[in-house]
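> This is protein-v8.txt, which holds compact mmCIF, C-alpha atoms:
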```txt
# COMPACT_ATOMS: atom_id res chain seq x y z
CA MET G 1 -6.29 43.61 169.40
CA PRO G 2 -5.30 46.48 171.72
CA ALA G 3 -4.85 45.77 175.43
CA ARG G 4 -7.84 46.49 177.61
CA GLU G 5 -7.74 49.66 179.63
CA ARG G 6 -7.95 48.96 183.35
CA SER G 7 -8.37 51.26 186.32
CA ARG G 8 -9.52 51.17 189.94
CA LEU G 9 -13.00 52.51 189.23
CA SER G 10 -14.60 54.97 191.60
CA ASP G 11 -17.40 57.45 191.17
CA ALA G 12 -14.86 60.27 190.80
CA ALA G 13 -12.76 58.30 188.30
CA VAL G 14 -15.81 57.51 186.18
CA ALA G 15 -16.88 61.17 186.21
CA ARG G 16 -13.47 62.10 184.75
CA LEU G 17 -13.85 59.84 181.69
CA ARG G 18 -14.21 61.77 178.44
CA PRO G 19 -15.49 60.72 174.98
CA ARG G 20 -13.05 59.95 172.19
CA GLN G 21 -13.30 59.59 168.44
CA ARG G 22 -14.22 55.91 168.89
CA GLU G 23 -16.12 54.01 171.55
CA TYR G 24 -13.94 52.52 174.29
CA ALA G 25 -14.26 50.73 177.65
CA VAL G 26 -12.37 50.95 180.95
CA TRP G 27 -12.37 47.79 183.11
CA ASP G 28 -12.33 47.68 186.89
CA THR G 29 -9.17 46.23 188.50
CA ARG G 30 -11.15 45.31 191.60
CA VAL G 31 -13.88 43.43 189.69
CA PRO G 32 -12.14 42.52 186.40
CA GLY G 33 -15.33 41.59 184.53
CA LEU G 34 -16.97 44.97 185.20
CA GLY G 35 -16.37 48.00 182.99
CA VAL G 36 -17.65 51.34 181.74
CA ARG G 37 -18.41 51.77 178.04
CA VAL G 38 -17.88 55.36 176.80
CA ARG G 39 -19.51 56.33 173.49
CA PRO G 40 -18.29 59.16 171.22
CA THR G 41 -21.39 61.17 172.12
CA GLY G 42 -20.45 61.14 175.81
CA GLY G 43 -23.00 58.52 176.92
CA MET G 44 -21.65 55.96 179.42
CA THR G 45 -23.01 52.53 180.30
CA TRP G 46 -22.01 49.89 182.86
CA VAL G 47 -21.09 46.63 181.12
CA MET G 48 -19.92 43.18 182.25
CA LEU G 49 -18.35 40.19 180.53
CA GLU G 50 -20.57 37.12 180.78
CA ASP G 51 -19.47 33.57 179.92
CA THR G 52 -21.85 31.80 177.53
CA GLY G 53 -20.66 28.26 176.84
CA GLY G 54 -17.00 29.00 176.44
CA HIS G 55 -17.51 32.39 174.83
CA SER G 56 -17.73 35.72 176.59
CA ARG G 57 -20.12 38.44 175.61
CA ARG G 58 -20.52 42.00 176.76
CA VAL G 59 -23.79 42.65 178.61
CA SER G 60 -25.18 46.06 179.50
CA LEU G 61 -26.08 46.64 183.17
CA GLY G 62 -27.55 50.11 182.71
CA PRO G 63 -26.54 53.77 182.28
CA VAL G 64 -23.82 55.15 184.52
CA SER G 65 -26.18 57.98 185.45
CA THR G 66 -28.52 55.54 187.21
CA MET G 67 -26.09 53.73 189.54
CA THR G 68 -22.88 54.28 191.49
CA VAL G 69 -19.76 52.12 191.20
CA GLU G 70 -20.75 50.09 194.27
CA GLU G 71 -24.26 49.54 192.91
CA ALA G 72 -22.77 48.39 189.60
CA ARG G 73 -20.47 45.95 191.41
CA ARG G 74 -23.42 44.60 193.39
CA ARG G 75 -25.39 44.24 190.17
CA TYR G 76 -22.45 42.41 188.62
CA HIS G 77 -22.22 39.91 191.47
CA GLU G 78 -26.00 39.34 191.49
CA ARG G 79 -25.94 38.45 187.83
CA ARG G 80 -22.92 36.18 188.26
CA ALA G 81 -24.60 34.40 191.16
CA SER G 82 -28.05 34.00 189.58
CA PRO G 83 -27.87 34.67 185.84
CA GLU G 84 -31.27 33.10 185.24
CA THR G 85 -33.00 35.70 187.44
CA VAL G 86 -31.74 38.57 185.38
CA LYS G 87 -33.29 39.28 182.02
CA PRO G 88 -30.77 39.11 179.21
CA ALA G 89 -29.93 42.50 177.83
CA ALA G 90 -31.81 43.35 174.70
CA PRO G 91 -29.61 43.63 171.63
CA ALA G 92 -28.43 47.15 171.10
CA PRO G 93 -30.61 48.88 168.51
CA THR G 94 -28.91 49.86 165.29
CA VAL G 95 -28.16 53.58 165.31
CA PRO G 96 -29.26 55.16 162.01
CA LEU G 97 -27.08 57.28 159.80
CA PHE G 98 -27.58 61.05 159.99
CA ARG G 99 -29.00 60.98 156.46
CA GLU G 100 -31.47 58.21 157.34
CA LEU G 101 -32.84 60.18 160.27
CA VAL G 102 -33.11 63.41 158.27
CA GLU G 103 -34.82 61.80 155.28
CA GLY G 104 -37.08 59.66 157.44
CA ALA G 105 -38.46 60.42 160.89
CA TRP G 106 -37.17 64.00 161.17
CA LYS G 107 -38.51 64.98 157.75
CA GLU G 108 -41.96 63.69 158.64
CA ALA G 109 -42.04 65.17 162.15
CA HIS G 110 -40.50 68.60 161.44
CA PHE G 111 -39.58 69.43 157.86
CA GLU G 112 -42.98 68.68 156.35
CA ARG G 113 -44.70 70.91 158.93
CA CYS G 114 -42.66 74.04 158.10
CA LYS G 115 -43.74 76.88 155.84
CA PRO G 116 -42.55 76.63 152.20
CA ALA G 117 -39.98 79.39 152.68
CA THR G 118 -38.56 77.67 155.77
CA ARG G 119 -38.41 74.31 153.98
CA LYS G 120 -36.52 75.94 151.13
CA GLY G 121 -33.91 77.33 153.55
CA TYR G 122 -33.60 74.03 155.40
CA ALA G 123 -33.23 72.08 152.15
CA SER G 124 -30.41 74.36 151.02
CA LEU G 125 -28.50 73.96 154.30
CA LEU G 126 -29.01 70.20 154.29
CA ASP G 127 -27.97 69.68 150.67
CA THR G 128 -24.94 71.96 150.68
CA ARG G 129 -23.64 71.73 154.26
CA LEU G 130 -25.07 69.19 156.67
CA LEU G 131 -25.54 66.07 154.55
CA PRO G 132 -22.11 66.33 152.85
CA ALA G 133 -20.46 66.67 156.27
CA PHE G 134 -22.49 64.21 158.40
CA GLY G 135 -24.86 62.30 156.10
CA SER G 136 -22.90 59.03 155.95
CA ARG G 137 -22.06 58.96 159.68
CA PRO G 138 -23.99 56.94 162.27
CA LEU G 139 -25.53 59.41 164.69
CA ASP G 140 -23.54 58.15 167.67
CA SER G 141 -20.24 58.59 165.79
CA ILE G 142 -20.68 62.36 165.41
CA THR G 143 -18.41 63.98 167.99
CA PRO G 144 -18.22 67.53 169.38
CA ALA G 145 -14.73 67.87 167.85
CA GLN G 146 -16.05 67.01 164.38
CA VAL G 147 -18.89 69.50 164.69
CA ARG G 148 -16.46 72.17 165.91
CA ARG G 149 -14.11 71.67 162.94
CA TRP G 150 -17.02 71.76 160.49
CA PHE G 151 -18.47 74.92 162.07
CA ASP G 152 -15.12 76.72 162.15
CA ARG G 153 -14.47 76.00 158.45
CA PHE G 154 -17.95 77.19 157.47
CA SER G 155 -17.66 80.31 159.65
CA ARG G 156 -14.56 81.55 157.80
CA THR G 157 -16.59 82.37 154.70
CA ALA G 158 -20.20 82.73 155.91
CA PRO G 159 -20.50 83.30 159.67
CA GLY G 160 -24.21 84.15 159.56
CA ASN G 161 -25.15 81.13 157.45
CA ALA G 162 -22.92 78.96 159.63
CA ASN G 163 -25.03 80.03 162.61
CA ASN G 164 -28.19 79.01 160.75
CA ALA G 165 -26.73 75.61 159.88
CA LEU G 166 -25.55 75.05 163.46
CA LYS G 167 -29.02 75.85 164.78
CA LEU G 168 -30.57 73.33 162.36
CA LEU G 169 -27.97 70.69 163.25
CA ARG G 170 -28.70 71.15 166.96
CA GLN G 171 -32.41 70.73 166.31
CA ILE G 172 -31.91 67.51 164.31
CA LEU G 173 -29.58 66.01 166.92
CA GLY G 174 -32.01 67.02 169.67
CA PHE G 175 -34.67 65.08 167.78
CA ALA G 176 -32.26 62.12 167.68
CA ILE G 177 -31.98 62.29 171.48
CA ALA G 178 -35.77 62.30 171.81
CA ARG G 179 -35.91 59.20 169.61
CA GLY G 180 -33.38 57.39 171.83
CA HIS G 181 -30.51 57.37 169.32
CA LEU G 182 -28.22 59.67 171.32
CA ASP G 183 -27.54 60.47 174.96
CA THR G 184 -26.13 63.97 174.49
CA ASN G 185 -26.06 66.56 171.72
CA PRO G 186 -22.54 66.93 170.22
CA ALA G 187 -23.43 70.43 168.95
CA ARG G 188 -24.69 71.57 172.35
CA ASP G 189 -21.65 73.50 173.61
CA ILE G 190 -20.62 75.24 170.38
CA ALA G 191 -21.26 78.98 170.60
CA PRO G 192 -22.61 80.68 167.47
CA ASN G 193 -20.71 83.50 165.80
CA ARG G 194 -21.43 86.90 167.24
CA ARG G 195 -23.37 89.17 164.90
CA PRO G 196 -22.95 92.94 164.71
CA GLN G 197 -25.57 94.92 166.56
CA LEU G 198 -28.24 96.56 164.42
CA THR G 199 -27.57 100.21 165.26
CA ARG G 200 -27.48 101.87 161.83
CA PHE G 201 -30.43 103.84 160.59
CA LEU G 202 -30.84 106.90 158.41
CA SER G 203 -31.19 110.37 159.86
CA SER G 204 -33.75 112.78 158.45
CA GLU G 205 -31.02 114.44 156.38
CA GLU G 206 -29.87 111.09 154.96
CA ILE G 207 -33.43 110.13 154.08
CA ALA G 208 -33.76 113.38 152.12
CA ARG G 209 -30.53 112.66 150.19
CA LEU G 210 -31.71 109.12 149.43
CA HIS G 211 -35.06 110.46 148.22
CA SER G 212 -33.29 112.85 145.85
CA ALA G 213 -31.09 110.06 144.49
CA LEU G 214 -34.14 107.85 143.90
CA ASP G 215 -35.91 110.71 142.08
CA ARG G 216 -33.03 110.92 139.61
CA HIS G 217 -33.65 107.30 138.65
CA SER G 218 -37.43 107.27 138.61
CA GLY G 219 -38.98 106.13 135.36
CA GLY G 220 -37.30 104.06 132.70
CA ARG G 221 -35.47 100.83 133.45
CA TYR G 222 -34.89 101.65 137.14
CA GLY G 223 -38.33 102.99 137.98
CA ALA G 224 -39.64 99.77 139.53
CA GLN G 225 -36.51 99.32 141.67
CA ALA G 226 -36.73 102.92 142.89
CA ASP G 227 -40.34 102.35 143.95
CA ILE G 228 -39.41 99.12 145.74
CA VAL G 229 -36.79 100.99 147.78
CA ARG G 230 -39.33 103.71 148.63
CA LEU G 231 -41.90 101.12 149.76
CA LEU G 232 -39.33 99.40 151.97
CA LEU G 233 -38.68 102.70 153.74
CA LEU G 234 -42.36 103.71 153.95
CA THR G 235 -43.72 100.36 155.18
CA GLY G 236 -40.87 98.77 157.16
CA CYS G 237 -41.46 95.53 155.22
CA ARG G 238 -38.78 92.96 154.55
CA ARG G 239 -37.29 92.93 151.05
CA ASN G 240 -39.03 89.77 149.80
CA GLU G 241 -42.38 90.98 151.16
CA ILE G 242 -42.26 93.84 148.64
CA VAL G 243 -40.21 92.34 145.80
CA ARG G 244 -42.47 89.26 145.62
CA LEU G 245 -45.72 91.08 146.48
CA PRO G 246 -48.75 89.73 144.53
CA TRP G 247 -51.66 91.99 143.63
CA SER G 248 -53.96 89.64 145.52
CA GLU G 249 -52.41 90.85 148.80
CA VAL G 250 -52.89 94.58 148.08
CA ARG G 251 -56.01 96.15 149.58
CA ASP G 252 -57.05 99.81 149.51
CA ASP G 253 -55.06 100.84 152.59
CA THR G 254 -53.44 97.57 153.73
CA LEU G 255 -51.09 94.84 152.59
CA VAL G 256 -52.51 91.47 153.64
CA LEU G 257 -49.39 89.29 153.59
CA ALA G 258 -50.30 85.61 153.55
CA ASP G 259 -46.83 84.17 154.03
CA SER G 260 -44.45 86.62 155.69
CA LYS G 261 -41.50 85.47 157.79
CA VAL G 262 -43.72 85.25 160.88
CA GLY G 263 -46.84 83.99 159.08
CA ALA G 264 -49.86 85.94 157.91
CA ARG G 265 -49.91 89.61 158.91
CA GLN G 266 -51.30 92.97 157.81
CA VAL G 267 -49.27 96.09 157.01
CA PRO G 268 -51.09 99.47 157.04
CA LEU G 269 -50.33 101.71 154.06
CA GLY G 270 -49.90 105.45 154.34
CA ALA G 271 -50.99 107.82 151.58
CA ARG G 272 -47.54 107.98 149.93
CA ALA G 273 -47.18 104.18 149.90
CA ARG G 274 -50.65 103.86 148.36
CA ARG G 275 -49.73 106.30 145.59
CA ILE G 276 -46.63 104.28 144.73
CA LEU G 277 -48.69 101.10 144.42
CA GLU G 278 -51.42 102.84 142.42
CA ARG G 279 -48.96 103.95 139.75
CA GLN G 280 -47.70 100.43 139.08
CA PRO G 281 -49.06 99.08 135.75
CA ARG G 282 -51.75 96.42 136.14
CA GLY G 283 -50.92 94.00 133.35
CA GLU G 284 -51.51 90.25 133.20
CA SER G 285 -48.82 89.49 135.77
CA PRO G 286 -50.06 88.43 139.23
CA PHE G 287 -47.15 90.37 140.80
CA VAL G 288 -46.85 94.08 141.54
CA PHE G 289 -43.19 94.02 140.43
CA PRO G 290 -42.95 91.26 137.80
CA SER G 291 -39.75 89.96 136.30
CA PRO G 292 -38.84 91.86 133.11
CA LEU G 293 -37.96 88.51 131.49
CA ASP G 294 -40.93 86.46 132.66
CA PRO G 295 -44.00 88.39 133.90
CA SER G 296 -45.45 85.20 135.41
CA ARG G 297 -42.69 85.36 138.02
CA PRO G 298 -41.73 88.09 140.52
CA ARG G 299 -38.65 90.25 140.09
CA GLY G 300 -35.39 88.78 141.44
CA HIS G 301 -34.35 89.85 144.93
CA ASN G 302 -31.13 91.52 143.74
CA LEU G 303 -31.70 95.28 143.43
CA GLY G 304 -28.74 96.71 141.57
CA LEU G 305 -30.07 100.27 141.83
CA TRP G 306 -29.66 100.23 145.60
CA TYR G 307 -25.85 100.19 145.42
CA ARG G 308 -25.89 103.13 143.02
CA VAL G 309 -28.27 105.38 144.95
CA ARG G 310 -26.69 104.77 148.33
CA LYS G 311 -23.33 105.87 146.85
CA GLU G 312 -24.94 108.96 145.35
CA ALA G 313 -26.59 109.72 148.71
CA GLY G 314 -23.33 109.24 150.64
CA ILE G 315 -24.68 106.34 152.73
CA GLU G 316 -22.56 103.45 151.44
CA ASP G 317 -22.46 101.80 154.88
CA VAL G 318 -26.26 101.34 154.90
CA ARG G 319 -27.74 97.93 154.07
CA LEU G 320 -31.09 97.53 152.38
CA HIS G 321 -32.44 95.94 155.59
CA ASP G 322 -31.51 99.14 157.44
CA LEU G 323 -34.48 100.81 155.74
CA ARG G 324 -36.70 98.61 157.94
CA HIS G 325 -34.57 99.67 160.90
CA THR G 326 -35.01 103.31 159.86
CA HIS G 327 -38.80 102.97 159.59
CA ALA G 328 -39.03 101.51 163.11
CA SER G 329 -36.62 103.99 164.70
CA HIS G 330 -38.38 107.04 163.27
CA ALA G 331 -41.73 105.64 164.38
CA VAL G 332 -40.42 105.41 167.96
CA MET G 333 -38.88 108.89 167.78
CA ASN G 334 -42.21 110.30 166.62
CA GLY G 335 -44.01 108.98 169.66
CA VAL G 336 -45.40 105.68 168.35
CA PRO G 337 -45.45 103.24 171.32
CA VAL G 338 -43.07 100.28 171.01
CA PRO G 339 -45.92 97.69 171.18
CA VAL G 340 -47.58 99.42 168.20
CA VAL G 341 -44.30 99.45 166.26
CA SER G 342 -43.93 95.76 167.10
CA ARG G 343 -47.32 95.08 165.50
CA MET G 344 -46.38 97.17 162.45
CA LEU G 345 -43.18 95.16 161.90
CA GLY G 346 -44.77 91.79 162.58
CA HIS G 347 -42.54 90.99 165.55
CA SER G 348 -43.55 88.18 167.89
CA ASN G 349 -42.50 90.20 170.96
CA THR G 350 -41.46 93.74 171.81
CA ARG G 351 -37.90 92.72 172.74
CA MET G 352 -37.19 92.28 169.04
CA THR G 353 -38.55 95.75 168.33
CA LEU G 354 -36.37 97.37 170.99
CA ARG G 355 -33.30 96.56 168.87
CA TYR G 356 -34.56 99.17 166.41
CA ALA G 357 -35.46 101.85 168.93
CA HIS G 358 -32.12 103.70 168.78
CA LEU G 359 -31.63 107.45 168.39
CA GLY G 360 -29.08 109.09 166.12
CA ASP G 361 -26.74 111.81 167.38
CA ARG G 362 -28.25 114.49 165.12
CA ASP G 363 -31.77 113.69 166.30
CA ILE G 364 -30.67 113.72 169.96
CA GLU G 365 -28.99 117.10 169.47
CA ALA G 366 -32.08 118.54 167.77
CA ALA G 367 -34.34 117.23 170.53
CA ALA G 368 -32.02 118.65 173.21
CA GLU G 369 -32.09 122.05 171.48
CA ARG G 370 -35.91 122.07 171.36
CA VAL G 371 -36.16 121.09 175.03
CA GLY G 372 -33.58 123.72 175.98
CA GLN G 373 -35.48 126.44 174.15
CA ALA G 374 -38.76 125.44 175.81
CA VAL G 375 -37.23 125.46 179.29
CA ALA G 376 -35.50 128.78 178.62
CA ALA G 377 -38.82 130.32 177.54
CA VAL G 378 -40.42 129.22 180.79
CA MET G 379 -37.53 130.64 182.77
CA GLY G 380 -37.73 133.93 180.87
CA ILE G 381 -34.15 133.87 179.69
```
In structure tokens, how does this file's structure come out?

Amino acid sequence: MPARERSRLSDAAVARLRPRQREYAVWDTRVPGLGVRVRPTGGMTWVMLEDTGGHSRRVSLGPVSTMTVEEARRRYHERRASPETVKPAAPAPTVPLFRELVEGAWKEAHFERCKPATRKGYASLLDTRLLPAFGSRPLDSITPAQVRRWFDRFSRTAPGNANNALKLLRQILGFAIARGHLDTNPARDIAPNRRPQLTRFLSSEEIARLHSALDRHSGGRYGAQADIVRLLLLTGCRRNEIVRLPWSEVRDDTLVLADSKVGARQVPLGARARRILERQPRGESPFVFPSPLDPSRPRGHNLGLWYRVRKEAGIEDVRLHDLRHTHASHAVMNGVPVPVVSRMLGHSNTRMTLRYAHLGDRDIEAAAERVGQAVAAVMGI
């Protein structure tokens, strides 16, 4: 058995104690039976050794956060002097494994209340990342260092998905704190990976080139994919909102989306978007763009045509999601108020919309030229 760590305890000395991979205790040299227990999560508790018929046992006196060193010493001496007046410490509750919490209380309190799409994402992160890494560990044995190593390894190959998994892990461990299993969150101080700013959108010239490229592939095997790309640009919808669109959500001039990323919302349809939907064949499939292999299912989310037409249009740096960005930015440039654009995109607040309200250099130059000509006309020059 390793020798006990001893130190002249003071409030400053206790504040300097740091968690380790395993739980440990530091015993006071002034009052040898008094010590501080430090858990891997960072929680600290005052403990004392109490003699019980020839055997000593460790008894908790309370969290370090609730009493100073002198108060702990006084508590120690009170218990030694009158042990019968002090209630025996309740046995420490068994801390569940990470997997037990996730599959039990957390699943009932949080997972089951999420939308189907959210549950699907959570289940994937749990099955492939979180449970393999932490599932067999007691909650209080998960340390910040372990979380950091796991996050760094994950971030090397998928920084965005690593951020999503870290956010979910924080939420689960926060739930563990609320249930009394942890004192601090070991994922609390880990900063997520920085994501590139969303500043790319298509200029009017680039939109025209994209439109021409899509026209060359209209009809035939790529016709449906070309129309999906057009609808993404014309509506500002997210990819799955169009790819998986059922006919039941298409009205005369509106898409009534029952389960978008932010819940139910309505998307107004302009005349060109309506014409694209009207020319889709109405067969037995419930979906506007059914799978070619199984009409009872929607088309897969992978749109191979997109990579071809963006190369033909000379916009290979543009992502499919940038079409949503383009829709919002051109709305702002054409005088649509940001709160209205926010409603069109289904944003919960206008701060999210402001990320899209950027102006391209060509558009700024054209606007400056128009303003200059108007001022010059007034000045008579």
> Give as a ChimeraX atom specification each residue that has an atom at most 12 Å from (-39.6, 98.7, 147.2) in the file, counting all atoms listed in the file.
/G:214,222-245,273,276-277,280,288-289,299,301-303,305-306,320-321,323-324
> Could you pull the residues within 8 Å of Asp322 (chain G), counting only C-alpha atoms, minus those fewer than 5 positions along the same chain, as an mmCIF file with C-alpha atoms, in the coordinates of the input?

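Wrote part-v9.cif, looks like this:
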```
data_model
loop_
_atom_site.group_PDB
_atom_site.id
_atom_site.type_symbol
_atom_site.label_atom_id
_atom_site.label_comp_id
_atom_site.auth_asym_id
_atom_site.auth_seq_id
_atom_site.Cartn_x
_atom_site.Cartn_y
_atom_site.Cartn_z
ATOM 1 C CA ARG G 200 -27.480 101.870 161.830
ATOM 2 C CA PHE G 201 -30.430 103.840 160.590
ATOM 3 C CA LEU G 202 -30.840 106.900 158.410
#
```
> To one decimal in Å, tell me the separation between CA of Arg113 (chain G) and CA of Ala264 (chain G).
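Pair CA of Arg113 (chain G) / CA of Ala264 (chain G) returns 15.9 Å.
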> For the point (-12.4, 53.5, 186.8) in the file's frame, write as a list in words all residues with an atom no more than 8 Å away, counting all atoms listed in the file.
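Checking each residue against the 8 Å limit leaves Arg6, Ser7, Arg8, Leu9, Ser10, Asp11, Ala13, Val14, Val26, Trp27, Asp28, Gly35 and Val36 of chain G.
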> Quick one: residues within 9 Å of region 152-155 of chain G, only C-alpha atoms, excluding same-chain residues fewer than 6 positions away - as a VMD selection string?
chain G and resid 129 161 to 163 193
> Find the distance between CA of Thr254 (chain G) and CA of Val318 (chain G) and write it in Å to one decimal.
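Between CA of Thr254 (chain G) and CA of Val318 (chain G) the gap is 27.5 Å.
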> Using all atoms listed in the file, which residue out of G:Ala176, G:Asp317, G:Leu34, G:Lys120 lies closest to Glu71 (chain G)?
G:Leu34
> Can you work out which one of G:Ala258, G:Leu61, G:Trp247, G:Asp127 has the shortest atom-to-atom distance to Gly283 (chain G), counting all atoms listed in the file?
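Of all the options, G:Trp247 lies closest to Gly283 (chain G).
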> What's around Ala178 (chain G) at 12 Å? Count only C-alpha atoms, leave out sequence neighbours fewer than 5 positions away in its own chain, and write the answer as a list of chain:residue names.
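After dropping sequence-adjacent residues, the list is G:Ala105, G:Trp106, G:Ala109, G:Gln171, G:Ile172, G:Leu173, G:Asp183, G:Thr184, G:Asn185.
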> Work out how far apart CA of Val102 (chain G) and CA of Thr118 (chain G) are and give it in Å to one decimal.
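It comes out at 15.5 Å.
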> Show me, as a VMD selection string, the residues that have an atom within 9 Å of Pro192 (chain G) when counting all atoms listed in the file, minus same-chain residues fewer than 4 positions from it.
chain G and resid 151 159 to 160 162 to 164 166 to 167
> Please enclose the listed atoms of region 328-339 of chain G in an axis-aligned box, pad each side by 8 Å, and write out the centre and the three edge lengths in Å, rounded to one decimal, as AutoDock Vina command-line options.

```
--center_x -41.3 --center_y 104.0 --center_z 167.2 --size_x 25.3 --size_y 28.6 --size_z 24.2
```
> Near Pro295 (chain G), within 6 Å and counting only C-alpha atoms, which residues show up once chain neighbours fewer than 3 positions away are dropped, as a list in words?
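Everything that qualifies: Ser285, Pro290 and Ser291 of chain G.
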> Select, from G:Ser203, G:Phe175, G:Gly43, G:Ala123, the residue with the minimum atom-to-atom distance to His330 (chain G), counting all atoms listed in the file.
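Under the stated criterion, the closest residue is G:Ser203.
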> With distances taken over all atoms listed in the file, which of G:Glu50, G:Pro19, G:Phe111, G:Met44 is nearest to Ile142 (chain G)?
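Answer, going by the shortest atom-to-atom distance: G:Pro19.
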> Determine the nearest neighbour of Arg119 (chain G) from the options G:Ala133, G:Lys107, G:Glu5, G:Leu169, counting all atoms listed in the file.
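Between G:Ala133, G:Lys107, G:Glu5, G:Leu169, the residue approaching Arg119 (chain G) most closely is G:Lys107.
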> What would region 165-185 of chain G look like with N, CA and C atoms restored, written as an mmCIF file, keeping the file's coordinate frame?

```
data_model
loop_
_atom_site.group_PDB
_atom_site.id
_atom_site.type_symbol
_atom_site.label_atom_id
_atom_site.label_comp_id
_atom_site.auth_asym_id
_atom_site.auth_seq_id
_atom_site.Cartn_x
_atom_site.Cartn_y
_atom_site.Cartn_z
ATOM 1 N N ALA G 165 -26.949 77.042 160.036
ATOM 2 C CA ALA G 165 -26.730 75.610 159.880
ATOM 3 C C ALA G 165 -26.509 74.932 161.227
ATOM 4 N N LEU G 166 -25.779 75.601 162.128
ATOM 5 C CA LEU G 166 -25.550 75.050 163.460
ATOM 6 C C LEU G 166 -26.859 74.916 164.220
ATOM 7 N N LYS G 167 -27.718 75.898 164.115
ATOM 8 C CA LYS G 167 -29.020 75.850 164.780
ATOM 9 C C LYS G 167 -29.848 74.668 164.267
ATOM 10 N N LEU G 168 -29.827 74.452 162.947
ATOM 11 C CA LEU G 168 -30.570 73.330 162.360
ATOM 12 C C LEU G 168 -29.964 72.005 162.793
ATOM 13 N N LEU G 169 -28.631 71.920 162.817
ATOM 14 C CA LEU G 169 -27.970 70.690 163.250
ATOM 15 C C LEU G 169 -28.330 70.362 164.696
ATOM 16 N N ARG G 170 -28.320 71.364 165.565
ATOM 17 C CA ARG G 170 -28.700 71.150 166.960
ATOM 18 C C ARG G 170 -30.122 70.590 167.059
ATOM 19 N N GLN G 171 -31.013 71.160 166.260
ATOM 20 C CA GLN G 171 -32.410 70.730 166.310
ATOM 21 C C GLN G 171 -32.550 69.276 165.871
ATOM 22 N N ILE G 172 -31.841 68.884 164.808
ATOM 23 C CA ILE G 172 -31.910 67.510 164.310
ATOM 24 C C ILE G 172 -31.336 66.549 165.337
ATOM 25 N N LEU G 173 -30.192 66.901 165.925
ATOM 26 C CA LEU G 173 -29.580 66.010 166.920
ATOM 27 C C LEU G 173 -30.411 65.960 168.205
ATOM 28 N N GLY G 174 -31.083 67.058 168.537
ATOM 29 C CA GLY G 174 -32.010 67.020 169.670
ATOM 30 C C GLY G 174 -33.158 66.061 169.409
ATOM 31 N N PHE G 175 -33.630 66.041 168.168
ATOM 32 C CA PHE G 175 -34.670 65.080 167.780
ATOM 33 C C PHE G 175 -34.142 63.661 167.906
ATOM 34 N N ALA G 176 -32.868 63.447 167.547
ATOM 35 C CA ALA G 176 -32.260 62.120 167.680
ATOM 36 C C ALA G 176 -32.217 61.673 169.139
ATOM 37 N N ILE G 177 -31.970 62.617 170.044
ATOM 38 C CA ILE G 177 -31.980 62.290 171.480
ATOM 39 C C ILE G 177 -33.378 61.873 171.899
ATOM 40 N N ALA G 178 -34.385 62.627 171.454
ATOM 41 C CA ALA G 178 -35.770 62.300 171.810
ATOM 42 C C ALA G 178 -36.180 60.934 171.295
ATOM 43 N N ARG G 179 -35.592 60.510 170.179
ATOM 44 C CA ARG G 179 -35.910 59.200 169.610
ATOM 45 C C ARG G 179 -35.069 58.080 170.221
ATOM 46 N N GLY G 180 -34.175 58.412 171.159
ATOM 47 C CA GLY G 180 -33.380 57.390 171.830
ATOM 48 C C GLY G 180 -32.119 56.981 171.104
ATOM 49 N N HIS G 181 -31.710 57.734 170.071
ATOM 50 C CA HIS G 181 -30.510 57.370 169.320
ATOM 51 C C HIS G 181 -29.242 57.946 169.928
ATOM 52 N N LEU G 182 -29.366 58.998 170.715
ATOM 53 C CA LEU G 182 -28.220 59.670 171.320
ATOM 54 C C LEU G 182 -28.502 59.950 172.785
ATOM 55 N N ASP G 183 -27.415 60.089 173.554
ATOM 56 C CA ASP G 183 -27.540 60.470 174.960
ATOM 57 C C ASP G 183 -27.337 61.966 175.148
ATOM 58 N N THR G 184 -26.406 62.542 174.396
ATOM 59 C CA THR G 184 -26.130 63.970 174.490
ATOM 60 C C THR G 184 -25.996 64.550 173.096
ATOM 61 N N ASN G 185 -26.114 65.874 173.000
ATOM 62 C CA ASN G 185 -26.060 66.560 171.720
ATOM 63 C C ASN G 185 -24.636 67.049 171.459
#
```
